[in-house]
file query_36.cif (mmCIF, C-alpha atoms and all ligand atoms)
data_target
loop_
_atom_site.label_atom_id
_atom_site.label_comp_id
_atom_site.auth_asym_id
_atom_site.auth_seq_id
_atom_site.Cartn_x
_atom_site.Cartn_y
_atom_site.Cartn_z
CA MET A 254 73.33 71.51 83.56
CA GLU A 255 74.13 73.58 86.59
CA LYS A 256 76.65 76.34 86.05
CA LYS A 257 80.08 75.90 87.58
CA ILE A 258 81.40 78.45 90.01
CA LEU A 259 84.58 79.95 88.76
CA TYR A 260 87.00 82.11 90.72
CA SER A 261 90.01 84.03 89.57
CA ALA A 262 91.89 87.15 90.50
CA VAL A 263 94.63 89.34 89.18
CA GLN A 264 96.98 91.68 90.98
CA PRO A 265 96.70 95.36 90.17
CA SER A 266 100.26 95.81 89.08
CA GLY A 267 100.34 98.35 86.27
CA ASN A 268 101.28 97.76 82.69
CA LEU A 269 99.61 94.55 81.59
CA THR A 270 101.06 93.13 78.40
CA ILE A 271 99.45 91.49 75.40
CA GLY A 272 100.74 88.26 76.97
CA ASN A 273 98.42 88.83 79.95
CA TYR A 274 95.65 89.56 77.48
CA ALA A 275 96.13 86.35 75.51
CA GLY A 276 96.78 84.19 78.56
CA ALA A 277 94.24 85.50 81.06
CA ILE A 278 91.89 88.32 80.13
CA ARG A 279 90.64 86.70 76.94
CA ASN A 280 89.92 83.45 78.76
CA TRP A 281 88.01 85.22 81.50
CA VAL A 282 85.83 86.83 78.87
CA GLN A 283 85.02 83.48 77.28
CA LEU A 284 84.42 81.73 80.57
CA GLN A 285 81.92 84.31 81.82
CA ASN A 286 79.27 83.04 79.42
CA GLU A 287 79.03 79.46 80.63
CA ASN A 288 79.87 79.86 84.31
CA ASP A 289 79.05 81.73 87.43
CA CYS A 290 82.18 83.87 87.68
CA PHE A 291 83.80 85.83 90.46
CA TYR A 292 86.68 87.96 89.24
CA ALA A 293 88.66 89.89 91.81
CA ILE A 294 91.34 92.52 91.71
CA ALA A 295 93.73 91.20 94.33
CA ASN A 296 94.97 94.38 95.96
CA MET A 297 95.51 92.60 99.28
CA HIS A 298 97.97 90.26 97.61
CA ALA A 299 99.64 93.23 95.93
CA ILE A 300 100.83 94.82 99.18
CA THR A 301 102.94 91.78 100.04
CA VAL A 302 105.56 93.67 98.05
CA ARG A 303 106.03 97.42 98.44
CA GLN A 304 103.47 99.57 96.65
CA GLU A 305 103.08 103.28 96.26
CA PRO A 306 99.59 103.85 97.78
CA ALA A 307 98.40 106.37 95.18
CA GLU A 308 99.60 104.10 92.40
CA LEU A 309 97.98 101.03 93.87
CA ARG A 310 94.64 102.85 93.94
CA ARG A 311 95.09 104.10 90.38
CA HIS A 312 96.15 100.69 89.09
CA THR A 313 93.11 99.10 90.74
CA LEU A 314 90.71 101.33 88.81
CA GLU A 315 92.71 101.09 85.60
CA LEU A 316 92.62 97.34 85.77
CA ALA A 317 88.89 97.24 86.42
CA ALA A 318 88.34 99.55 83.44
CA LEU A 319 90.66 97.49 81.27
CA TYR A 320 88.84 94.26 82.05
CA ILE A 321 85.50 95.80 81.22
CA ALA A 322 86.96 97.33 78.06
CA CYS A 323 88.21 93.88 77.05
CA GLY A 324 84.74 92.42 77.36
CA ILE A 325 84.23 91.41 80.98
CA ASP A 326 80.55 92.06 81.50
CA PRO A 327 79.82 93.21 85.05
CA GLU A 328 76.23 92.08 84.59
CA LYS A 329 77.34 88.53 83.95
CA CYS A 330 80.00 88.19 86.61
CA ALA A 331 80.97 89.68 89.93
CA LEU A 332 83.90 91.98 89.21
CA TYR A 333 85.15 93.40 92.47
CA VAL A 334 88.08 94.60 94.55
CA GLN A 335 89.33 92.05 97.08
CA SER A 336 89.74 94.49 99.99
CA GLN A 337 86.09 95.54 99.66
CA VAL A 338 84.96 92.12 100.85
CA PRO A 339 86.19 91.71 104.43
CA GLN A 340 85.60 87.94 104.55
CA HIS A 341 88.81 87.29 102.63
CA ALA A 342 90.93 88.44 105.55
CA GLU A 343 88.60 86.80 108.07
CA LEU A 344 88.67 83.39 106.45
CA MET A 345 92.41 83.64 105.98
CA TRP A 346 92.83 83.88 109.73
CA VAL A 347 90.97 80.65 110.35
CA LEU A 348 92.80 78.87 107.53
CA ASN A 349 96.11 80.07 108.95
CA THR A 350 95.50 77.89 111.95
CA ILE A 351 95.38 74.71 109.88
CA THR A 352 98.29 75.61 107.60
CA TYR A 353 101.84 74.76 108.56
CA VAL A 354 104.81 77.09 108.44
CA GLY A 355 106.84 74.30 106.86
CA GLU A 356 104.56 73.94 103.87
CA MET A 357 104.45 77.69 103.23
CA ASN A 358 108.22 77.80 103.47
CA ARG A 359 108.48 75.35 100.61
CA MET A 360 106.27 77.25 98.16
CA THR A 361 108.10 78.07 94.95
CA GLN A 362 106.82 81.60 94.57
CA PHE A 363 107.59 82.42 98.21
CA LYS A 364 111.15 81.27 97.72
CA ASP A 365 111.50 83.28 94.50
CA LYS A 366 110.02 86.42 95.95
CA SER A 367 112.09 86.11 99.13
CA GLN A 368 115.15 86.19 96.97
CA LYS A 369 113.92 89.05 94.87
CA HIS A 370 112.77 91.13 97.83
CA ALA A 371 115.34 90.01 100.38
CA ASP A 372 114.91 93.22 102.37
CA ASN A 373 111.17 92.68 102.79
CA ILE A 374 110.37 89.07 103.59
CA ASN A 375 107.21 89.95 105.49
CA MET A 376 104.60 87.65 107.03
CA GLY A 377 102.13 88.56 104.29
CA LEU A 378 104.48 87.27 101.64
CA MET A 379 104.60 83.94 103.38
CA ASP A 380 100.86 83.94 103.99
CA TYR A 381 100.08 84.81 100.37
CA PRO A 382 98.94 81.26 99.49
CA VAL A 383 96.59 81.12 102.48
CA LEU A 384 94.94 84.39 101.43
CA MET A 385 94.58 82.92 97.97
CA ALA A 386 93.03 79.76 99.43
CA ALA A 387 90.60 81.96 101.34
CA ASP A 388 89.71 83.80 98.11
CA ILE A 389 88.88 80.60 96.32
CA LEU A 390 87.20 78.66 99.13
CA LEU A 391 84.93 81.55 100.18
CA TYR A 392 83.00 81.20 96.93
CA GLN A 393 82.85 77.40 96.88
CA ALA A 394 84.56 77.59 93.51
CA ASP A 395 84.65 74.53 91.27
CA LEU A 396 87.23 75.90 88.93
CA VAL A 397 90.13 78.31 89.18
CA PRO A 398 91.49 79.49 85.84
CA VAL A 399 95.15 80.37 86.33
CA GLY A 400 98.43 80.33 84.51
CA HIS A 401 100.88 77.53 85.16
CA ASP A 402 102.82 79.63 87.69
CA GLN A 403 99.80 79.66 90.03
CA LYS A 404 99.09 75.92 89.92
CA GLN A 405 100.95 75.19 93.15
CA HIS A 406 98.84 77.80 94.92
CA VAL A 407 95.61 76.17 93.78
CA GLU A 408 96.94 72.81 94.93
CA ILE A 409 97.62 74.19 98.39
CA ALA A 410 94.10 75.62 98.43
CA ARG A 411 92.81 72.11 97.71
CA ASP A 412 94.94 70.64 100.50
CA ILE A 413 93.67 73.26 102.93
CA ALA A 414 90.05 72.62 101.92
CA ILE A 415 90.41 68.88 102.35
CA ARG A 416 92.16 69.31 105.69
CA PHE A 417 89.46 71.63 106.99
CA ASN A 418 86.68 69.30 105.79
CA ASN A 419 88.36 66.37 107.53
CA ARG A 420 88.81 68.21 110.76
CA TYR A 421 85.50 70.07 111.00
CA GLY A 422 83.16 68.26 108.64
CA GLU A 423 82.16 68.96 105.05
CA THR A 424 82.43 72.74 104.54
CA PHE A 425 84.33 73.63 101.40
CA ARG A 426 84.05 72.49 97.84
CA VAL A 427 87.47 71.29 96.70
CA PRO A 428 88.46 73.40 93.68
CA GLU A 429 90.21 72.29 90.51
CA PRO A 430 92.78 74.40 88.71
CA LEU A 431 91.89 75.23 85.13
CA ILE A 432 95.26 75.69 83.54
CA MET A 433 94.98 77.97 80.57
CA LYS A 434 95.92 76.38 77.30
CA SER A 435 99.48 77.00 76.27
CA GLY A 436 98.35 77.62 72.67
CA ALA A 437 98.25 81.35 73.09
CA LYS A 438 101.47 81.70 75.03
CA ILE A 439 103.18 84.85 73.91
CA ALA A 440 106.94 85.17 74.13
CA SER A 441 109.32 88.10 74.55
CA LEU A 442 109.96 90.03 71.34
CA GLN A 443 113.65 90.21 72.23
CA GLU A 444 114.27 86.70 73.54
CA PRO A 445 111.53 84.62 71.94
CA THR A 446 112.32 81.49 73.93
CA LYS A 447 111.30 83.35 77.11
CA LYS A 448 107.79 84.31 78.19
CA MET A 449 106.73 87.93 77.61
CA SER A 450 106.92 89.48 81.07
CA LYS A 451 105.74 92.87 82.22
CA SER A 452 108.74 93.12 84.52
CA ASP A 453 111.23 92.66 81.69
CA GLU A 454 113.95 95.30 81.87
CA ASN A 455 114.10 95.62 78.11
CA ILE A 456 111.03 97.68 77.20
CA ASN A 457 111.23 96.44 73.63
CA ALA A 458 110.57 92.90 74.85
CA CYS A 459 106.89 93.42 75.51
CA ILE A 460 103.87 95.20 74.15
CA TYR A 461 101.84 96.85 76.87
CA MET A 462 98.08 97.06 76.60
CA SER A 463 98.56 100.83 76.86
CA ASP A 464 101.12 101.20 74.04
CA ASP A 465 100.13 103.56 71.25
CA LYS A 466 100.33 102.65 67.58
CA ASP A 467 103.78 104.12 66.92
CA THR A 468 105.24 102.34 69.92
CA VAL A 469 103.66 99.03 68.92
CA ILE A 470 104.96 99.27 65.36
CA ARG A 471 108.43 100.32 66.50
CA LYS A 472 108.68 97.40 68.93
CA PHE A 473 107.60 94.89 66.31
CA LYS A 474 110.12 96.33 63.84
CA ARG A 475 112.84 95.60 66.41
CA ALA A 476 111.55 92.11 67.23
CA VAL A 477 114.23 89.45 67.11
CA THR A 478 113.75 86.94 64.28
CA ASP A 479 116.41 84.87 62.55
CA SER A 480 118.72 85.03 59.59
CA ASP A 481 116.84 83.10 56.93
CA ASN A 482 113.73 84.66 55.52
CA GLU A 483 111.01 82.09 55.65
CA ILE A 484 107.82 82.80 57.51
CA ARG A 485 106.72 79.51 59.00
CA ILE A 486 105.90 77.87 62.31
CA SER A 487 108.87 75.97 63.65
CA ASP A 488 110.61 75.25 66.95
CA GLU A 489 113.78 76.42 65.27
CA LYS A 490 112.17 79.76 64.51
CA PRO A 491 110.84 80.93 67.88
CA GLY A 492 110.81 84.60 66.88
CA ILE A 493 108.76 84.09 63.72
CA THR A 494 106.49 81.54 65.40
CA ASN A 495 105.82 84.02 68.19
CA LEU A 496 104.92 86.77 65.71
CA LEU A 497 102.55 84.39 63.91
CA THR A 498 100.95 83.49 67.24
CA ILE A 499 100.50 87.14 68.12
CA TYR A 500 99.03 87.92 64.71
CA ALA A 501 96.61 85.01 65.02
CA THR A 502 95.58 86.02 68.54
CA PHE A 503 94.73 89.56 67.54
CA THR A 504 93.01 88.82 64.25
CA GLY A 505 91.04 85.78 65.37
CA LYS A 506 92.72 83.66 62.71
CA THR A 507 94.50 80.37 63.34
CA VAL A 508 98.29 80.27 63.32
CA GLU A 509 98.14 78.08 60.23
CA GLU A 510 96.01 80.65 58.42
CA ALA A 511 98.47 83.34 59.41
CA GLU A 512 101.35 81.23 58.14
CA LYS A 513 99.65 80.81 54.77
CA GLU A 514 98.84 84.48 54.52
CA PHE A 515 102.50 85.47 54.86
CA ALA A 516 104.13 82.66 52.90
CA GLY A 517 106.72 84.16 50.57
CA LYS A 518 106.56 87.63 52.11
CA GLY A 519 109.55 89.46 53.57
CA TYR A 520 110.21 89.90 57.29
CA GLY A 521 109.85 93.69 57.08
CA ASP A 522 106.33 93.61 55.66
CA PHE A 523 105.38 90.80 58.01
CA LYS A 524 106.48 92.67 61.14
CA LEU A 525 104.62 95.75 60.00
CA ALA A 526 101.45 93.74 59.40
CA VAL A 527 101.67 92.15 62.86
CA GLY A 528 102.25 95.56 64.43
CA GLU A 529 99.26 97.03 62.64
CA ALA A 530 96.98 94.16 63.58
CA VAL A 531 97.92 94.49 67.25
CA ALA A 532 97.66 98.28 67.28
CA ASP A 533 94.26 98.13 65.55
CA ALA A 534 92.99 95.62 68.11
CA LEU A 535 94.31 97.65 71.05
CA ALA A 536 92.97 101.03 69.92
CA PRO A 537 89.26 100.42 70.67
CA ILE A 538 90.13 98.75 74.00
CA GLN A 539 92.25 101.74 75.01
CA ALA A 540 89.53 104.16 73.97
CA GLU A 541 86.91 102.28 75.94
CA GLN A 542 89.17 102.05 79.00
CA LYS A 543 89.75 105.80 78.85
CA LYS A 544 86.03 106.45 78.59
CA LEU A 545 85.32 104.22 81.59
CA LEU A 546 88.03 105.85 83.68
CA ALA A 547 86.53 109.24 82.95
CA ASP A 548 83.17 108.03 84.28
CA LYS A 549 84.08 107.43 87.92
CA THR A 550 80.43 107.16 88.96
CA TYR A 551 79.84 104.24 86.65
CA LEU A 552 83.06 102.46 87.60
CA THR A 553 82.52 102.94 91.31
CA GLY A 554 78.98 101.63 90.91
CA VAL A 555 80.08 98.54 89.03
CA LEU A 556 82.71 97.69 91.64
CA ALA A 557 80.27 98.33 94.48
CA SER A 558 77.67 95.98 93.03
CA GLY A 559 80.36 93.40 92.29
CA ALA A 560 81.51 93.60 95.90
CA GLU A 561 77.91 93.30 97.07
CA ARG A 562 77.40 90.10 95.09
CA ALA A 563 80.69 88.68 96.32
CA TYR A 564 79.89 89.70 99.88
CA LYS A 565 76.61 87.77 99.88
CA ALA A 566 78.31 84.55 98.81
CA ALA A 567 81.31 85.07 101.06
CA ARG A 568 79.21 85.81 104.14
CA LYS A 569 77.40 82.52 103.78
CA THR A 570 80.59 80.48 103.70
CA LEU A 571 82.27 82.41 106.48
CA SER A 572 79.30 82.02 108.78
CA LYS A 573 79.38 78.27 108.18
CA VAL A 574 83.10 78.20 108.93
CA TYR A 575 82.65 80.19 112.14
CA ARG A 576 79.96 77.76 113.24
CA LYS A 577 82.15 74.74 112.48
CA VAL A 578 85.14 76.04 114.39
CA GLY A 579 83.00 77.04 117.37
CA PHE A 580 83.06 80.83 117.12
CA TYR A 581 80.27 82.49 119.04
CA GLN A 582 78.09 84.39 116.54
CA GLY A 583 75.41 85.87 118.77
CA GLU A 584 72.09 84.23 119.64
N1 LIG B 1 98.19 85.07 92.85
C1 LIG B 1 97.50 85.32 91.61
C2 LIG B 1 98.47 85.88 90.59
O1 LIG B 1 99.40 86.56 90.94
C3 LIG B 1 96.33 86.25 91.79
C4 LIG B 1 95.31 85.66 92.70
C5 LIG B 1 94.98 86.08 93.95
C6 LIG B 1 94.46 84.57 92.38
N2 LIG B 1 93.97 85.32 94.45
C7 LIG B 1 93.61 84.38 93.53
C8 LIG B 1 94.29 83.76 91.25
C9 LIG B 1 92.66 83.38 93.56
C10 LIG B 1 93.32 82.75 91.30
C11 LIG B 1 92.52 82.56 92.45
O2 LIG B 1 98.30 85.69 89.43
#

call {"tool": "encode", "arguments": {"input": "query_36.cif", "output": "structure tokens", "more": "lines below"}}
Ligand code: TRP
result
Amino acid sequence: MEKKILYSAVQPSGNLTIGNYAGAIRNWVQLQNENDCFYAIANMHAITVRQEPAELRRHTLELAALYIACGIDPEKCALYVQSQVPQHAELMWVLNTITYVGEMNRMTQFKDKSQKHADNINMGLMDYPVLMAADILLYQADLVPVGHDQKQHVEIARDIAIRFNNRYGETFRVPEPLIMKSGAKIASLQEPTKKMSKSDENINACIYMSDDKDTVIRKFKRAVTDSDNEIRISDEKPGITNLLTIYATFTGKTVEEAEKEFAGKGYGDFKLAVGEAVADALAPIQAEQKKLLADKTYLTGVLASGAERAYKAARKTLSKVYRKVGFYQGE
């Protein structure tokens, strides 16, 4: 069977949490074995909100190193930085001309971010979904693994692809979203009915991929549970269920196995065990990330060859697009 082309990207905002790990990174690692994967670090999307330039650059490298440390194999997939492949911006321009202001105005994330950054509602923020469509369509992706919050963006990318194909003839493959299973959804340690979010103001609510052992254990000790003392999976026990999910995620066990393991134990011991399991899983990843970041030559090389692979695929699609729309391309 022919391999599917898979495209995904992540913004280089610092401080990824174990929720990002369970919901995205881990899936990317699995998917790289059966598919032809393009994984980008979306720094062009990142500047639609204000960024400190030095930090953006640092976060870009840290994220690349983290992904490799987590098991992304740069031999298997094209891991690259979005701004290093100029076709993203070029295709976006063409797609802009078949996208309507009205439909961008109605996008959920645009509305949310306009509220959150009311002093900086820039054109890029509104154009964000078109850049994302360009990302995906450039590679003729079949599948786009994303979290639920990005589903509307993939749908718009499909609409844009179909519209372009209708107007100019068959050009783009129409991608499907691959919504990551909710099984491994990790909740806030402080409000376990809410998703764990890296922008949470309460630092005890999330475990960062960069947290050291003491910090991890301390945060789990403070995790909100409930007033009875039974360790079991239940909708009425979101705190305990979340801790069981986290434990299962980081030990490779099922939640049911985790539940059995802790049956009859006290909350204190349980929280400590979860904390230790997470800290023990993070330690080798952190060590590997540090090692990679110290070897700038290697990292730069990996990203350059990733960009080269992406560039080859992107150039092919863009040239086809330019031909279809009637752009002069020399002889
Ligand atoms: N907008 C995505 C996010 O914030 C990141 C992203 C950019 C993306 N381009 C993409 C995801 C293309 C999938 C496909 O999570």

call {"tool": "residues_near_ligand", "arguments": {"input": "query_36.cif", "ligand": "ligand LIG 1 (chain B)", "cutoff": "9 Å", "atoms": "all atoms listed in the file", "output": "mmCIF file with C-alpha atoms, keeping the file's coordinate frame"}}
result
data_model
loop_
_atom_site.group_PDB
_atom_site.id
_atom_site.type_symbol
_atom_site.label_atom_id
_atom_site.label_comp_id
_atom_site.auth_asym_id
_atom_site.auth_seq_id
_atom_site.Cartn_x
_atom_site.Cartn_y
_atom_site.Cartn_z
ATOM 1 C CA TYR A 260 87.000 82.110 90.720
ATOM 2 C CA SER A 261 90.010 84.030 89.570
ATOM 3 C CA ALA A 262 91.890 87.150 90.500
ATOM 4 C CA VAL A 263 94.630 89.340 89.180
ATOM 5 C CA GLN A 264 96.980 91.680 90.980
ATOM 6 C CA TYR A 292 86.680 87.960 89.240
ATOM 7 C CA ALA A 293 88.660 89.890 91.810
ATOM 8 C CA ILE A 294 91.340 92.520 91.710
ATOM 9 C CA ALA A 295 93.730 91.200 94.330
ATOM 10 C CA ASN A 296 94.970 94.380 95.960
ATOM 11 C CA MET A 297 95.510 92.600 99.280
ATOM 12 C CA HIS A 298 97.970 90.260 97.610
ATOM 13 C CA ALA A 299 99.640 93.230 95.930
ATOM 14 C CA GLN A 335 89.330 92.050 97.080
ATOM 15 C CA TYR A 381 100.080 84.810 100.370
ATOM 16 C CA PRO A 382 98.940 81.260 99.490
ATOM 17 C CA LEU A 384 94.940 84.390 101.430
ATOM 18 C CA MET A 385 94.580 82.920 97.970
ATOM 19 C CA ALA A 386 93.030 79.760 99.430
ATOM 20 C CA ALA A 387 90.600 81.960 101.340
ATOM 21 C CA ASP A 388 89.710 83.800 98.110
ATOM 22 C CA ILE A 389 88.880 80.600 96.320
ATOM 23 C CA VAL A 397 90.130 78.310 89.180
ATOM 24 C CA PRO A 398 91.490 79.490 85.840
ATOM 25 C CA VAL A 399 95.150 80.370 86.330
ATOM 26 C CA GLY A 400 98.430 80.330 84.510
ATOM 27 C CA ASP A 402 102.820 79.630 87.690
ATOM 28 C CA GLN A 403 99.800 79.660 90.030
ATOM 29 C CA HIS A 406 98.840 77.800 94.920
ATOM 30 C CA VAL A 407 95.610 76.170 93.780
ATOM 31 C CA PRO A 430 92.780 74.400 88.710
#

call {"tool": "axis_aligned_box", "arguments": {"input": "query_36.cif", "around": "region 573-576 of chain A", "padding_each_side": "6 Å", "output": "JSON"}}
result
{"center_x": 81.2, "center_y": 79.0, "center_z": 110.7, "size_x": 15.7, "size_y": 14.4, "size_z": 17.1}

call {"tool": "residues_around", "arguments": {"input": "query_36.cif", "residues": "Leu348 (chain A)", "least_positions_apart": "6", "cutoff": "10 Å", "atoms": "all atoms listed in the file", "output": "ChimeraX atom specification"}}
result
/A:342,383-384,386-387,410,413-414,416-417,574

call {"tool": "atom_distance", "arguments": {"input": "query_36.cif", "atom1": "CA of Leu391 (chain A)", "atom2": "CA of Ala567 (chain A)"}}
result
5.1 Å

call {"tool": "closest_atom_pairs", "arguments": {"input": "query_36.cif", "of": "region 430-497 of chain A", "to": "region 504-519 of chain A", "cutoff": "8 Å", "atoms": "only C-alpha atoms", "output": "Markdown table"}}
result
| residue | atom | partner | partner_atom | distance |
| --- | --- | --- | --- | --- |
| A:Asn482 | CA | A:Gly519 | CA | 6.7 |
| A:Glu483 | CA | A:Gly517 | CA | 7.0 |
| A:Ile484 | CA | A:Ala516 | CA | 5.9 |
| A:Arg485 | CA | A:Glu512 | CA | 5.7 |
| A:Ile486 | CA | A:Glu512 | CA | 7.0 |
| A:Leu497 | CA | A:Val508 | CA | 6.0 |

call {"tool": "closest_residue", "arguments": {"input": "query_36.cif", "among": "A:Gln337, A:Thr446, A:Thr301, A:Asn418", "to": "Ser558 (chain A)", "atoms": "all atoms listed in the file"}}
result
A:Gln337

call {"tool": "closest_residue", "arguments": {"input": "query_36.cif", "among": "A:Asn349, A:Thr498, A:Gln539, A:Thr270", "to": "Asn457 (chain A)", "atoms": "all atoms listed in the file"}}
result
A:Thr270

call {"tool": "atom_distance", "arguments": {"input": "query_36.cif", "atom1": "CA of Val555 (chain A)", "atom2": "CA of Pro327 (chain A)"}}
result
6.7 Å

call {"tool": "decode", "arguments": {"input": "query_36.cif", "residues": "region 343-355 of chain A", "atoms": "C-alpha atoms", "output": "short mmCIF file (atom, residue, chain, number, x, y, z; two decimals), in the first residue's frame"}}
result
data_model
loop_
_atom_site.label_atom_id
_atom_site.label_comp_id
_atom_site.auth_asym_id
_atom_site.auth_seq_id
_atom_site.Cartn_x
_atom_site.Cartn_y
_atom_site.Cartn_z
CA GLU A 343 4.19 32.36 -1.81
CA LEU A 344 1.31 29.92 -1.94
CA MET A 345 -0.48 31.83 0.78
CA TRP A 346 -0.59 34.87 -1.46
CA VAL A 347 -2.31 32.99 -4.26
CA LEU A 348 -4.74 31.33 -1.85
CA ASN A 349 -5.55 34.72 -0.34
CA THR A 350 -7.11 35.70 -3.62
CA ILE A 351 -9.69 32.92 -3.46
CA THR A 352 -10.44 33.29 0.25
CA TYR A 353 -13.10 35.70 1.45
CA VAL A 354 -12.73 38.22 4.24
CA GLY A 355 -16.14 37.18 5.53
#
